[in-house]
Structures are given as structure tokens and as C-alpha cells.
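Worksheet: one structure, shown below.
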Amino acid sequence: MNKTEDIYKLFQAHPVICTDTRLLTEGCLFFALKGENFNGNEFADKALNDGAAYAIIDELEFVVNERSILVNDVLTTLQQLAAHHRQQLNIPVLAITGSNGKTTTKELTAAVLSKKYNTLFTKGNLNNHIGVPLTLLSLTSAHEIAVIEMGANHQKEIEQLCKIAQPDYGLITNIGKAHLEGFGGLEGVKKGKGELYQYIKSINGLIFINEDNATLRELLADYTRKIIYGSNQQLDLVGEALVKNSLLSVQCTKPFSMVINTNLTGDYNFENVMSAITIGNYFKVDSDKIKEAIENYFPSNQRSQIISKSNNVTIVMDAYNANPSSVNAALENFSKSFSGDKIIALGDMLELGNESEAEHLSVINNLHKKNFTKVVLVGPQFKIFEKQSGFQHFNASTEAAEWFKKNQCNNCYILIKGSRGLKMEVIADIF
């Protein structure tokens, strides 16, 4: 038994997927996925003994009984099963990708759509070749719409995810200097993220596009099935960013007039909020409900958070990830939206390949340009410029945390940002 239809019959009888025996659910289907440091086939027998209905494996030696389902490749089987399941449910699917802001946009959009529809959306950042199939396989007939986040660091990955999720609608938040190493430079990022546009165009689907973004306009110049939003008064939905007490507000002027006060810092979140407003409006969510959803959304998981600590210390926590585009946007916001004693803790930006050294030096130059003097830089890439930068440098965030412990400030603002691998959040923990 290895045909998708046969596996699907098992899934219909046991509609819960597990990939980790530590999180096993009684009666589930266990998919024995492989990773760099583990082989799920080795845990298939345990999964069956612990209550899994069946174990999907791809190595003959781990077949123990008739509940061991041998396939050619477990991951491919999972992806094919997800694509088949998606085809059975005739509901609209919206795909969101981009270099920055895709998770925040997904969260805001899901909050808005949930005001009217039973909405399935990507949990956390399960946005890759495993996470997308798992999300789709949690779809049920009770759902009315799905919002699927798609992440990638190489070309052809978004194309593959589209074949699995088969979205009817698409949105790219922006295209910036993220994962340059895997994509092969900025042009590679454009091509890779643009694979979502290519798919939506191939099915004559609908695209939501921020007119203010020149790169996105260029990628979609020849396509007419689009809903356009931005700051130009001629567009379908019009708004402008307002910053009040370091938090973003959005003034909508078309097709309805209202001010939406968010709990997000940074006017770079304007495009994320506008995306959610536009999508909600298209799907006929009442404007008051759109406002309510966005105003009740609080950022989490170290994205655009403002955290108050003792001694009047305010931390601007944006340490989930970092690339040149997002770092410079965060520095711009920190420079103009906060007044008083300001300190920056900035970790390396990873996956930049041959452009890494130049991009890190560019950020240092930007710090000087904006006249930041209290700066702590973390990681080996920034360490290269220790002598010429004039800033504090540490190899690891734990070392930087010790420095902050000895040099704690009162009545100050601290911006914490860096790539996930730097674990910059440990700095906030000492306050």
C-alpha cells in the first residue's frame, strides 16, 4: 500500500498526523520523517506500541507488522497526501510569503478573517516543506478559509509549496536581502519569492499587492487580477502610517474612514497591517470587526514587541530573525520613534553568503550615520570590524548578557535584534 488514495483512506479513519513520538496522539498516523540528526524509521515501532494506528516508513528493515506502511519516501508521501487532502476541500486558500513580515501579516490576516470565518492558519512558523503539509492536513470540512505562510531560502521551494497548497490567492509582503546565500543574491530572492506570483498567475487567481513597493509592481506589471493597496489615493484601499507613542496607527481613508491603533512598533509594520485590512475587506469582513481584530492583536515570539522592565527600562524586542533589510528598518524606527537614552544590542545576520562582510559593515556605517553611540554587537561577523567600529563586541549573546548585567541602565530604551541563531533574547532575560 503506497498509493496516495490508499494512504488517504487511512488518514480519513485516523485524521491526526504525528511526526514525534514524544508528542504522540492515540490513534494517529505516525510519519517517520528524517532529519540531519535523526531517522524517524527508528522510532516507528515505539510509535505503534505507544498508540499510533499506523506508522508510515520508508526503510524495509523497520517493518514490524501490518500496521507498518512501507512507502518509497515518507516526506514525499506526506506532501502528496496533503495536496490530495487540499483538493478534497473546496475552500479558498491564501498563501503569504516575503522576506520580512510574513508571519506578522499571516497572524493579522488570520485574526481579521476569524471575525467572520472558521479560519485555519499556519501555527508559529511551520512554513516549510514539512510545516505546510502538516498545516493542510489539519484542515477539516468545518473550515471556511485557510491562510498558509510559505517560507523559503532557495529557489523552487515556493514553487513546490504552491503545488502542495494550491492557493487561490497570493500575497508577497516584500522582497529584501534575506537568505542571500541560498537564493544566490537579491535577484535570486526576487525570482524565488516571485514563484508565488507565477503560480497564482498560472491558475488565474487573485493577488493582493502593495502598490508602494516598486519591486512587487515590477514583478506583477503584466497581471490584471489583483487587489491593489497603499498610500496612493487612486488605489482600491488607501491608508497612511501614523506613529503614536512609539506604536503604529493606520489611518484608512478608502474604502472606509477610520483609525486603527495597533500594538506593533515600527512603521515598517504598516504594509503588514494594510495587507490584513485589504484581505479582510475583500472577504467582506465588516470594517469595525477588522479594526477590532487588529487592535486586539498583540505581537509575540520576539516580533515587534515592546516590553516594559523594572527601572523604567523598555525593551524593543525584535530578535526572532534579522537580515539587512529588517535591521535597517528597525534602526530607522528606533531612531525616530523613541526619545531618551537608547542602547542597541545587535546580533549577526546569518545566511548572507559572499555578501555577509559587506552587509555587516554597511549596518555599522548606518549605526554611525544615525549617531547611535551605545551599541553592543554580537557574533563573529560583526567581530571582524571590532577595531574600526568603536562599539562593544562579543562573540556570543551570553557574553553580551553578562555585560548588560554589569552595566544596567535606568530610564532607557534597548533595541534587541539578531538572527535566530544568535539567541539575542537572553539579553532581555537579565533585566
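Just remember, in the C-alpha cells the first chain shown is A, the second B, etc., residues are 1-based per chain, and ligands are 1-based in the order shown.
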Tell me, counting only C-alpha atoms, for each residue of segment 313-410 of chain A within 7 Å of segment 415-420 of chain A, which pair of atoms is nearest and how far apart they are in Å to one decimal, in rows ordered by chain and increasing number, as JSON lines.
{"residue": "A:Ile315", "atom": "CA", "partner": "A:Leu415", "partner_atom": "CA", "distance": 6.0}
{"residue": "A:Val316", "atom": "CA", "partner": "A:Leu415", "partner_atom": "CA", "distance": 4.7}
{"residue": "A:Met317", "atom": "CA", "partner": "A:Ile416", "partner_atom": "CA", "distance": 5.3}
{"residue": "A:Asp318", "atom": "CA", "partner": "A:Lys417", "partner_atom": "CA", "distance": 5.1}
{"residue": "A:Ala319", "atom": "CA", "partner": "A:Lys417", "partner_atom": "CA", "distance": 4.1}
{"residue": "A:Tyr320", "atom": "CA", "partner": "A:Arg420", "partner_atom": "CA", "distance": 5.5}
{"residue": "A:Asn321", "atom": "CA", "partner": "A:Ser419", "partner_atom": "CA", "distance": 4.1}
{"residue": "A:Ala322", "atom": "CA", "partner": "A:Ser419", "partner_atom": "CA", "distance": 4.5}
{"residue": "A:Ile343", "atom": "CA", "partner": "A:Leu415", "partner_atom": "CA", "distance": 6.4}
{"residue": "A:Ile344", "atom": "CA", "partner": "A:Leu415", "partner_atom": "CA", "distance": 4.8}
{"residue": "A:Ala345", "atom": "CA", "partner": "A:Ile416", "partner_atom": "CA", "distance": 4.8}
{"residue": "A:Leu346", "atom": "CA", "partner": "A:Lys417", "partner_atom": "CA", "distance": 5.0}
{"residue": "A:Gly347", "atom": "CA", "partner": "A:Gly418", "partner_atom": "CA", "distance": 4.0}
{"residue": "A:Asp348", "atom": "CA", "partner": "A:Gly418", "partner_atom": "CA", "distance": 5.8}
{"residue": "A:Met349", "atom": "CA", "partner": "A:Ser419", "partner_atom": "CA", "distance": 5.2}
{"residue": "A:Leu350", "atom": "CA", "partner": "A:Ser419", "partner_atom": "CA", "distance": 6.1}
Within 10 Å of Glu292 of chain A using only C-alpha atoms, minus same-chain residues under 4 positions, as a VMD selection string: chain A and resid 111 to 112 115 260 to 262 286 to 288 296 to 297
Written selection (N, CA and C atoms) as a PDB file, in the first residue's frame:
ATOM      1  N   ALA A 111      -6.386  36.851  12.180  1.00  0.00           N
ATOM      2  CA  ALA A 111      -7.207  37.479  13.217  1.00  0.00           C
ATOM      3  C   ALA A 111      -8.406  38.188  12.596  1.00  0.00           C
ATOM      4  N   VAL A 112      -8.163  38.862  11.481  1.00  0.00           N
ATOM      5  CA  VAL A 112      -9.240  39.582  10.800  1.00  0.00           C
ATOM      6  C   VAL A 112     -10.258  38.609  10.208  1.00  0.00           C
ATOM      7  N   LYS A 115     -12.879  36.832  12.355  1.00  0.00           N
ATOM      8  CA  LYS A 115     -14.053  37.569  12.810  1.00  0.00           C
ATOM      9  C   LYS A 115     -15.316  37.161  12.046  1.00  0.00           C
ATOM     10  N   ILE A 260      -6.946  52.878  12.980  1.00  0.00           N
ATOM     11  CA  ILE A 260      -6.719  51.611  13.677  1.00  0.00           C
ATOM     12  C   ILE A 260      -5.428  51.737  14.475  1.00  0.00           C
ATOM     13  N   ASN A 261      -5.531  51.608  15.783  1.00  0.00           N
ATOM     14  CA  ASN A 261      -4.375  51.734  16.670  1.00  0.00           C
ATOM     15  C   ASN A 261      -3.837  50.343  16.998  1.00  0.00           C
ATOM     16  N   THR A 262      -2.634  50.055  16.545  1.00  0.00           N
ATOM     17  CA  THR A 262      -2.070  48.725  16.733  1.00  0.00           C
ATOM     18  C   THR A 262      -1.208  48.657  17.994  1.00  0.00           C
ATOM     19  N   ASP A 286     -16.678  42.997   8.154  1.00  0.00           N
ATOM     20  CA  ASP A 286     -17.106  44.348   8.496  1.00  0.00           C
ATOM     21  C   ASP A 286     -15.929  45.184   8.975  1.00  0.00           C
ATOM     22  N   SER A 287     -15.886  46.446   8.561  1.00  0.00           N
ATOM     23  CA  SER A 287     -14.744  47.312   8.890  1.00  0.00           C
ATOM     24  C   SER A 287     -14.537  47.447  10.395  1.00  0.00           C
ATOM     25  N   ASP A 288     -15.613  47.491  11.164  1.00  0.00           N
ATOM     26  CA  ASP A 288     -15.476  47.570  12.619  1.00  0.00           C
ATOM     27  C   ASP A 288     -14.843  46.304  13.184  1.00  0.00           C
ATOM     28  N   ASN A 296      -6.795  44.280  18.802  1.00  0.00           N
ATOM     29  CA  ASN A 296      -6.672  43.277  19.858  1.00  0.00           C
ATOM     30  C   ASN A 296      -5.534  42.292  19.612  1.00  0.00           C
ATOM     31  N   TYR A 297      -4.769  42.529  18.551  1.00  0.00           N
ATOM     32  CA  TYR A 297      -3.622  41.657  18.264  1.00  0.00           C
ATOM     33  C   TYR A 297      -2.383  42.176  18.980  1.00  0.00           C
TER      34      TYR A 297
END
d(atom CA of Thr398 of chain A, atom CA of Leu377 of chain A) in Å: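 So the answer is 12.1 Å.
The smallest atom-to-atom distance between Asn328 of chain A and any of A:Tyr268, A:Val376, A:Asn301, A:Ser114, using only C-alpha atoms, is found for A:Tyr268.
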Helix (DSSP H, G or I) residues, from DSSP on the backbone, in segment 112-312 of chain A, as a ChimeraX atom specification: /A:112-113,131-136,157-165,180-183,186-193,195-202,214-219,267-282,287-295
Give me, as a PDB file with N, CA and C atoms, in the first residue's frame, all polymer residues having an atom no more than 7 Å from segment 124-135 of chain A, counting only C-alpha atoms and skipping those fewer than 4 positions away in the same chain.
ATOM      1  N   LEU A  78       3.993  12.358   2.604  1.00  0.00           N
ATOM      2  CA  LEU A  78       3.311  13.358   3.425  1.00  0.00           C
ATOM      3  C   LEU A  78       2.853  14.534   2.559  1.00  0.00           C
ATOM      4  N   GLN A  79       3.728  14.980   1.672  1.00  0.00           N
ATOM      5  CA  GLN A  79       3.398  16.110   0.812  1.00  0.00           C
ATOM      6  C   GLN A  79       2.293  15.759  -0.179  1.00  0.00           C
ATOM      7  N   ALA A  82      -1.018  15.625   1.649  1.00  0.00           N
ATOM      8  CA  ALA A  82      -1.519  16.971   1.946  1.00  0.00           C
ATOM      9  C   ALA A  82      -2.142  17.607   0.710  1.00  0.00           C
ATOM     10  N   THR A 103       5.119  36.416   8.817  1.00  0.00           N
ATOM     11  CA  THR A 103       4.442  35.818   9.970  1.00  0.00           C
ATOM     12  C   THR A 103       3.486  36.817  10.612  1.00  0.00           C
ATOM     13  N   GLU A 149       1.234  30.316   5.437  1.00  0.00           N
ATOM     14  CA  GLU A 149       2.509  31.023   5.324  1.00  0.00           C
ATOM     15  C   GLU A 149       3.526  30.120   4.636  1.00  0.00           C
ATOM     16  N   MET A 150       4.299  30.705   3.726  1.00  0.00           N
ATOM     17  CA  MET A 150       5.309  29.954   2.993  1.00  0.00           C
ATOM     18  C   MET A 150       6.679  30.603   3.163  1.00  0.00           C
ATOM     19  N   GLY A 151       7.611  29.858   3.704  1.00  0.00           N
ATOM     20  CA  GLY A 151       8.983  30.341   3.843  1.00  0.00           C
ATOM     21  C   GLY A 151       9.901  29.583   2.905  1.00  0.00           C
ATOM     22  N   ALA A 152      11.016  30.202   2.556  1.00  0.00           N
ATOM     23  CA  ALA A 152      11.966  29.553   1.654  1.00  0.00           C
ATOM     24  C   ALA A 152      13.327  30.213   1.785  1.00  0.00           C
ATOM     25  N   LEU A 161       5.890  24.410  -2.651  1.00  0.00           N
ATOM     26  CA  LEU A 161       4.848  24.606  -1.645  1.00  0.00           C
ATOM     27  C   LEU A 161       3.516  24.974  -2.288  1.00  0.00           C
TER      28      LEU A 161
END
Pick from A:Tyr197, A:Leu108, A:Leu264, A:Lys3 nearest to Leu70 of chain A, counting only C-alpha atoms: A:Lys3
Nearby residues (only C-alpha atoms) at most 12 Å from Glu402 of chain A, same-chain spacing under 3 positions excluded, as a PyMOL selection string: chain A and resi 376+394+396-399+405-408+426-431
With C-alpha atoms kept, could you save the residues just selected as a short mmCIF file (atom, residue, chain, number, x, y, z; two decimals), in the first residue's frame?
data_model
loop_
_atom_site.label_atom_id
_atom_site.label_comp_id
_atom_site.auth_asym_id
_atom_site.auth_seq_id
_atom_site.Cartn_x
_atom_site.Cartn_y
_atom_site.Cartn_z
CA VAL A 376 26.63 46.19 21.60
CA PHE A 394 31.06 39.95 21.95
CA ALA A 396 28.01 35.27 21.91
CA SER A 397 24.78 36.69 23.32
CA THR A 398 25.52 35.11 26.71
CA GLU A 399 28.67 37.23 26.95
CA LYS A 405 24.15 42.67 33.85
CA LYS A 406 27.17 44.69 34.98
CA ASN A 407 26.15 47.82 33.07
CA GLN A 408 22.40 48.02 33.63
CA VAL A 426 18.93 36.02 26.55
CA ILE A 427 19.90 39.67 26.93
CA ALA A 428 16.35 40.65 27.84
CA ASP A 429 16.21 37.95 30.49
CA ILE A 430 18.73 39.68 32.73
CA PHE A 431 16.54 42.75 33.27
#
Surrounding residues of segment 238-242 of chain A excluding itself and chain neighbours under 4 positions, 8 Å, only C-alpha atoms, as a PyMOL selection string: chain A and resi 229-233+248-255+267+270+274
Residue nearest Glu355 of chain A among A:Gly184, A:Pro299, A:Gly390, A:Gly280 (counting only C-alpha atoms):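 Closest candidate: A:Gly184.
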Of the listed residues A:His143, A:Lys177, A:Lys423, A:Arg22, that which approaches Pro92 of chain A most closely, counting only C-alpha atoms: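 Checking each of A:His143, A:Lys177, A:Lys423, A:Arg22 against Pro92 of chain A, counting only C-alpha atoms, the winner is A:His143.
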For Lys163 of chain A: contacts at 9 Å, only C-alpha atoms, fewer than 5 positions along chain excluded, given as an NGL selection string: :A and (83 or 158 or 199)
Output file for the residues above (C-alpha atoms, as a short mmCIF file (atom, residue, chain, number, x, y, z; two decimals), in the first residue's frame):
data_model
loop_
_atom_site.label_atom_id
_atom_site.label_comp_id
_atom_site.auth_asym_id
_atom_site.auth_seq_id
_atom_site.Cartn_x
_atom_site.Cartn_y
_atom_site.Cartn_z
CA ALA A 83 -2.02 18.02 -1.68
CA ILE A 158 7.89 28.33 -3.02
CA TYR A 199 1.69 30.06 -9.60
#
Strand (DSSP E or B) positions in segment 8-200 of chain A, given as a ChimeraX atom specification: /A:17-18,29-31,34,39,54-57,68-70,93-97,119-121,145-149,169-172
Write the selection just made, keeping C-alpha atoms, as a PDB file, in the first residue's frame?
ATOM      1  CA  ILE A  17      -0.665  13.216  11.909  1.00  0.00           C
ATOM      2  CA  CYS A  18       2.276  12.807  14.297  1.00  0.00           C
ATOM      3  CA  LEU A  29      -0.736   8.179  11.764  1.00  0.00           C
ATOM      4  CA  PHE A  30       2.975   8.339  12.550  1.00  0.00           C
ATOM      5  CA  PHE A  31       5.118   9.618   9.682  1.00  0.00           C
ATOM      6  CA  LYS A  34      14.233  12.008   8.633  1.00  0.00           C
ATOM      7  CA  ASN A  39      15.879   8.813  11.418  1.00  0.00           C
ATOM      8  CA  TYR A  54      -0.166   3.084  11.636  1.00  0.00           C
ATOM      9  CA  ALA A  55       3.439   4.044  11.008  1.00  0.00           C
ATOM     10  CA  ILE A  56       4.469   5.314   7.571  1.00  0.00           C
ATOM     11  CA  ILE A  57       8.081   4.277   6.970  1.00  0.00           C
ATOM     12  CA  SER A  68       3.891  -0.643   9.221  1.00  0.00           C
ATOM     13  CA  ILE A  69       3.165   1.033   5.887  1.00  0.00           C
ATOM     14  CA  LEU A  70       6.223   0.966   3.631  1.00  0.00           C
ATOM     15  CA  VAL A  93      -6.604  29.160   0.340  1.00  0.00           C
ATOM     16  CA  LEU A  94      -4.458  32.278   0.702  1.00  0.00           C
ATOM     17  CA  ALA A  95      -0.659  31.925   0.524  1.00  0.00           C
ATOM     18  CA  ILE A  96       1.616  34.534   2.090  1.00  0.00           C
ATOM     19  CA  THR A  97       5.367  34.796   1.588  1.00  0.00           C
ATOM     20  CA  THR A 119     -10.129  30.092   9.656  1.00  0.00           C
ATOM     21  CA  LEU A 120      -7.230  27.658   9.564  1.00  0.00           C
ATOM     22  CA  PHE A 121      -3.830  29.315   9.590  1.00  0.00           C
ATOM     23  CA  ILE A 145     -10.801  29.581   4.617  1.00  0.00           C
ATOM     24  CA  ALA A 146      -7.101  28.863   5.088  1.00  0.00           C
ATOM     25  CA  VAL A 147      -4.125  31.219   5.434  1.00  0.00           C
ATOM     26  CA  ILE A 148      -0.876  29.444   4.645  1.00  0.00           C
ATOM     27  CA  GLU A 149       2.509  31.023   5.324  1.00  0.00           C
ATOM     28  CA  TYR A 169      -4.942  33.862  -3.572  1.00  0.00           C
ATOM     29  CA  GLY A 170      -1.404  35.141  -3.047  1.00  0.00           C
ATOM     30  CA  LEU A 171       0.419  37.924  -1.261  1.00  0.00           C
ATOM     31  CA  ILE A 172       4.126  38.775  -1.108  1.00  0.00           C
TER      32      ILE A 172
END
One-decimal distance in Å that lies between atom CA of Ser246 of chain A and atom CA of Ser337 of chain A: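 Between these atoms lies a distance of 5.0 Å.
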